[in-house]
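Here is model-v4.txt, consisting of compact mmCIF, C-alpha atoms:
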# COMPACT_ATOMS: atom_id res chain seq x y z
CA MET A 7 -1.07 8.87 -0.73
CA PHE A 8 -4.80 8.41 0.00
CA ARG A 9 -5.01 11.30 2.44
CA ASN A 10 -3.72 13.71 -0.18
CA ARG A 11 -6.37 12.61 -2.66
CA GLY A 12 -9.51 13.19 -0.60
CA GLY A 13 -9.82 9.78 1.03
CA GLY A 14 -9.70 9.08 4.74
CA TYR A 15 -7.03 6.49 5.43
CA ALA A 16 -6.72 4.61 8.72
CA GLU A 17 -3.41 2.86 9.28
CA GLY A 18 -3.83 -0.74 10.28
CA TRP A 19 -0.71 -2.83 10.78
CA LEU A 20 2.28 -4.44 9.14
CA THR A 21 2.25 -8.17 8.55
CA ARG A 22 4.84 -10.66 9.77
CA GLY A 23 8.02 -11.00 7.74
CA SER A 24 7.25 -14.52 6.56
CA GLY A 25 4.02 -16.36 5.97
CA ASP A 26 2.26 -13.09 5.22
CA GLY A 27 0.38 -14.53 2.25
CA GLY A 28 1.63 -11.89 -0.14
CA ALA A 29 0.74 -8.82 1.92
CA ASP A 30 3.05 -6.49 3.82
CA PHE A 31 0.55 -4.02 5.28
CA VAL A 32 -3.15 -3.61 5.97
CA GLY A 33 -5.10 -0.37 6.19
CA ARG A 34 -8.59 1.01 5.70
CA LEU A 35 -9.89 3.57 3.23
CA ASP A 36 -13.02 5.47 4.25
CA ILE A 37 -15.03 7.06 1.46
CA GLY A 38 -18.00 9.33 2.14
CA THR A 39 -19.36 10.64 5.43
CA GLY A 40 -21.93 9.69 8.05
CA GLY A 41 -24.46 7.10 6.93
CA ALA A 42 -23.09 7.30 3.39
CA MET A 43 -19.60 6.11 4.33
CA VAL A 44 -18.01 2.98 2.90
CA ARG A 45 -15.00 1.31 4.53
CA LEU A 46 -12.64 -0.64 2.31
CA VAL A 47 -9.83 -2.97 3.31
CA VAL A 48 -6.51 -1.90 1.80
CA LEU A 49 -4.13 -4.82 1.30
CA GLY A 50 -0.61 -3.74 0.45
CA GLN A 51 2.61 -5.21 -0.83
CA ALA A 52 5.98 -3.43 -0.77
CA LYS A 53 9.03 -4.47 -2.76
CA CYS A 54 12.42 -2.84 -2.39
CA VAL A 55 14.26 -3.33 -5.67
CA ALA A 56 16.88 -1.44 -7.66
CA PRO A 57 15.45 1.74 -9.21
CA THR A 58 16.17 0.28 -12.65
CA SER A 59 14.27 -2.97 -11.89
CA SER A 60 10.66 -3.53 -12.84
CA ILE A 61 7.87 -5.43 -11.14
CA SER A 62 6.21 -8.10 -13.27
CA ALA A 63 2.55 -8.92 -13.74
CA GLU A 64 3.11 -12.18 -11.84
CA GLN A 65 4.32 -10.31 -8.76
CA ILE A 66 1.24 -8.09 -8.78
CA ALA A 67 -1.05 -11.07 -9.39
CA ARG A 68 -0.11 -12.49 -5.99
CA VAL A 69 -1.63 -9.46 -4.27
CA VAL A 70 -4.64 -9.41 -6.57
CA ALA A 71 -5.32 -13.07 -5.75
CA ARG A 72 -5.65 -12.18 -2.04
CA LEU A 73 -8.23 -9.43 -2.61
CA ARG A 74 -11.84 -10.00 -1.59
CA ARG A 75 -14.97 -8.14 -2.67
CA GLY A 76 -14.81 -4.59 -1.37
CA TRP A 77 -11.03 -4.62 -0.91
CA ILE A 78 -8.42 -2.72 -2.85
CA GLY A 79 -4.77 -3.46 -3.32
CA VAL A 80 -1.73 -1.24 -3.17
CA PHE A 81 1.64 -2.26 -4.56
CA VAL A 82 4.57 -0.06 -3.60
CA THR A 83 8.04 -0.45 -5.09
CA THR A 84 11.30 1.44 -5.17
CA GLY A 85 11.55 0.43 -8.85
CA ALA A 86 9.05 0.59 -11.69
CA TYR A 87 6.34 -1.59 -13.23
CA SER A 88 6.75 -3.51 -16.45
CA ARG A 89 4.61 -2.45 -19.36
CA ALA A 90 2.99 -5.90 -19.37
CA ALA A 91 2.04 -5.52 -15.68
CA GLN A 92 0.48 -2.11 -16.28
CA LEU A 93 -1.47 -3.36 -19.31
CA GLU A 94 -2.78 -6.39 -17.42
CA ILE A 95 -4.04 -4.24 -14.57
CA ILE A 96 -5.84 -1.94 -17.00
CA GLU A 97 -7.27 -4.70 -19.17
CA ASP A 98 -8.41 -6.88 -16.27
CA GLN A 99 -9.60 -3.84 -14.26
CA TYR A 100 -7.82 -4.93 -11.10
CA PRO A 101 -8.65 -2.77 -8.06
CA ILE A 102 -5.02 -2.00 -7.30
CA LEU A 103 -3.03 1.19 -6.94
CA LEU A 104 0.56 1.12 -8.18
CA ILE A 105 3.09 3.39 -6.48
CA ASP A 106 6.46 3.39 -8.21
CA GLY A 107 9.83 4.55 -6.93
CA ARG A 108 9.48 8.09 -8.25
CA HIS A 109 6.11 8.64 -6.55
CA LEU A 110 7.35 6.95 -3.39
CA ALA A 111 10.38 9.28 -3.26
CA GLU A 112 8.14 12.32 -3.79
CA GLU A 113 5.86 11.24 -0.96
CA VAL A 114 8.77 10.55 1.42
CA ARG A 115 10.20 13.96 0.62
CA ARG A 116 6.83 15.65 1.22
CA LEU A 117 6.35 13.85 4.53
CA SER A 118 9.87 14.75 5.63
CA PHE A 119 9.11 18.45 5.09
CA GLU A 120 5.78 18.20 6.93
CA SER A 121 7.11 16.46 10.01
CA HIS A 122 10.91 16.72 10.14
CA GLY A 123 11.90 19.98 8.47
CA GLY A 124 12.95 18.17 5.30
CA ASP A 125 15.24 15.70 7.07
CA VAL A 126 14.52 12.41 5.27
CA ASP A 127 16.86 10.44 7.56
CA ALA A 128 14.96 11.68 10.64
CA LEU A 129 11.64 10.68 9.07
CA LEU A 130 12.90 7.20 8.19
CA ALA A 131 14.37 6.77 11.68
CA ALA A 132 11.02 7.69 13.23
CA ILE A 133 9.19 5.24 10.98
CA THR A 134 11.57 2.35 11.63
CA THR A 135 11.54 2.94 15.39
CA GLY A 136 7.81 2.19 15.43
CA TYR A 137 8.09 -0.84 13.15
CA PRO A 138 8.17 -3.64 15.78
CA ALA A 139 5.04 -2.36 17.52
CA ALA A 140 3.17 -2.08 14.20
CA VAL A 141 3.56 -5.78 13.27
CA SER A 142 0.51 -7.95 13.84
CA ALA A 143 -0.81 -11.35 12.77
CA ARG A 144 -4.42 -10.16 12.53
CA ARG A 145 -6.73 -10.97 9.64
CA PRO A 146 -7.14 -8.14 7.11
CA LYS A 147 -10.92 -7.78 7.56
CA GLU A 148 -10.34 -6.86 11.22
CA VAL A 149 -9.18 -3.42 10.05
CA LEU A 150 -12.84 -2.57 9.37
CA ASN A 151 -13.44 -2.50 13.13
CA LEU A 152 -10.73 0.04 13.97
Mind turning this structure into structure tokens?
Amino acid sequence: MFRNRGGGYAEGWLTRGSGDGGADFVGRLDIGTGGAMVRLVVLGQAKCVAPTSSISAEQIARVVARLRRGWIGVFVTTGAYSRAAQLEIIEDQYPILLIDGRHLAEEVRRLSFESHGGDVDALLAAITTGYPAAVSARRPKEVLNL
């Protein structure tokens, strides 16, 4: 999602399945070029829920609580976000990007066309094959050194 919006995104790693402290993935967003470049830690949470389910403000708050200065959060879900959650993010000016099920499906579809001729199953198989090697117990700020 960042790459398609003008940002340079460096994939970091996936966190362990338990004891992850409310984060499922870590990445880095690079903004600017040369000496005017800023690197930001991206701390992400992913929740697979029914498409008709909504994510609450409390669920998002767990990710927000883990953010440090200069970090941004990403919350990805296969469902939607409650109105209360969206309002809280706007009112409190949380540095977090929300990706709902519709946008996630659009991105998966786009990626499947780019790399697998539109075959979503082939894309998902390729992603899940690399999953075990992508898991790490590193600290999020270490992504700045990649």
Taking 2 positions as the minimum chain separation for residues in the same chain, which residues sit within 12 Å of A:Glu113 when counting only C-alpha atoms? Answer as a PyMOL selection string. chain A and resi 7-10+82+84+105-111+115-120+124+126+129
Quick check, in Å to one decimal: how far apart do atom CA of A:Ala91 and atom CA of A:Ile78 lie?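 Computed distance, atom CA of A:Ala91 to atom CA of A:Ile78, equals 16.8 Å.
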From A:Ala63, A:Leu49, A:Val149, A:Ile102, residue lying nearest A:Ala16 [all atoms listed in the file]: A:Val149
Point-to-point distance in Å for atom CA of A:Ala143 and atom CA of A:Leu20: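 These two atoms are separated by 8.4 Å.
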Can you work out the spacing between atom CA of A:Gln99 and atom CA of A:Ser62 in Å, to one decimal?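 Atom CA of A:Ser62 lies 16.4 Å from atom CA of A:Gln99.
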Got a sec: who's within 12 Å of A:Arg74, counting only C-alpha atoms, leaving out chain neighbours fewer than 2 positions off, as a ChimeraX atom specification? /A:46-49,69-72,76-79,100-102,146-147
From A:Ala132, A:Ile61, A:Ile37, A:Val141, residue lying nearest A:Gly23 [all atoms listed in the file]: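 Going through A:Ala132, A:Ile61, A:Ile37, A:Val141 one by one, the smallest distance to A:Gly23 is for A:Val141.
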Within 10 Å of A:Ser142, counting all atoms listed in the file, which residues qualify if same-chain residues fewer than 3 places away don't, as an MDAnalysis selection string? chainID A and resid 18:22 31:32 138:139 145
Within 9 Å of (4.2, -3.9, -0.5) (file coordinates; only C-alpha atoms), which protein or nucleic acid residues are there? I'd like them as number ranges by chain. A: 28-31, 49-54, 69, 80-83
Output file for the selection above: C-alpha atoms, as an mmCIF file, in the frame of the given file:
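Contents of the output file result.cif:
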data_model
loop_
_atom_site.group_PDB
_atom_site.id
_atom_site.type_symbol
_atom_site.label_atom_id
_atom_site.label_comp_id
_atom_site.auth_asym_id
_atom_site.auth_seq_id
_atom_site.Cartn_x
_atom_site.Cartn_y
_atom_site.Cartn_z
ATOM 1 C CA GLY A 28 1.630 -11.890 -0.140
ATOM 2 C CA ALA A 29 0.740 -8.820 1.920
ATOM 3 C CA ASP A 30 3.050 -6.490 3.820
ATOM 4 C CA PHE A 31 0.550 -4.020 5.280
ATOM 5 C CA LEU A 49 -4.130 -4.820 1.300
ATOM 6 C CA GLY A 50 -0.610 -3.740 0.450
ATOM 7 C CA GLN A 51 2.610 -5.210 -0.830
ATOM 8 C CA ALA A 52 5.980 -3.430 -0.770
ATOM 9 C CA LYS A 53 9.030 -4.470 -2.760
ATOM 10 C CA CYS A 54 12.420 -2.840 -2.390
ATOM 11 C CA VAL A 69 -1.630 -9.460 -4.270
ATOM 12 C CA VAL A 80 -1.730 -1.240 -3.170
ATOM 13 C CA PHE A 81 1.640 -2.260 -4.560
ATOM 14 C CA VAL A 82 4.570 -0.060 -3.600
ATOM 15 C CA THR A 83 8.040 -0.450 -5.090
#
Which is closer to A:Leu93 than all the others in A:Gly136, A:Val114, A:Ile66, A:Leu35, using all atoms listed in the file? A:Ile66
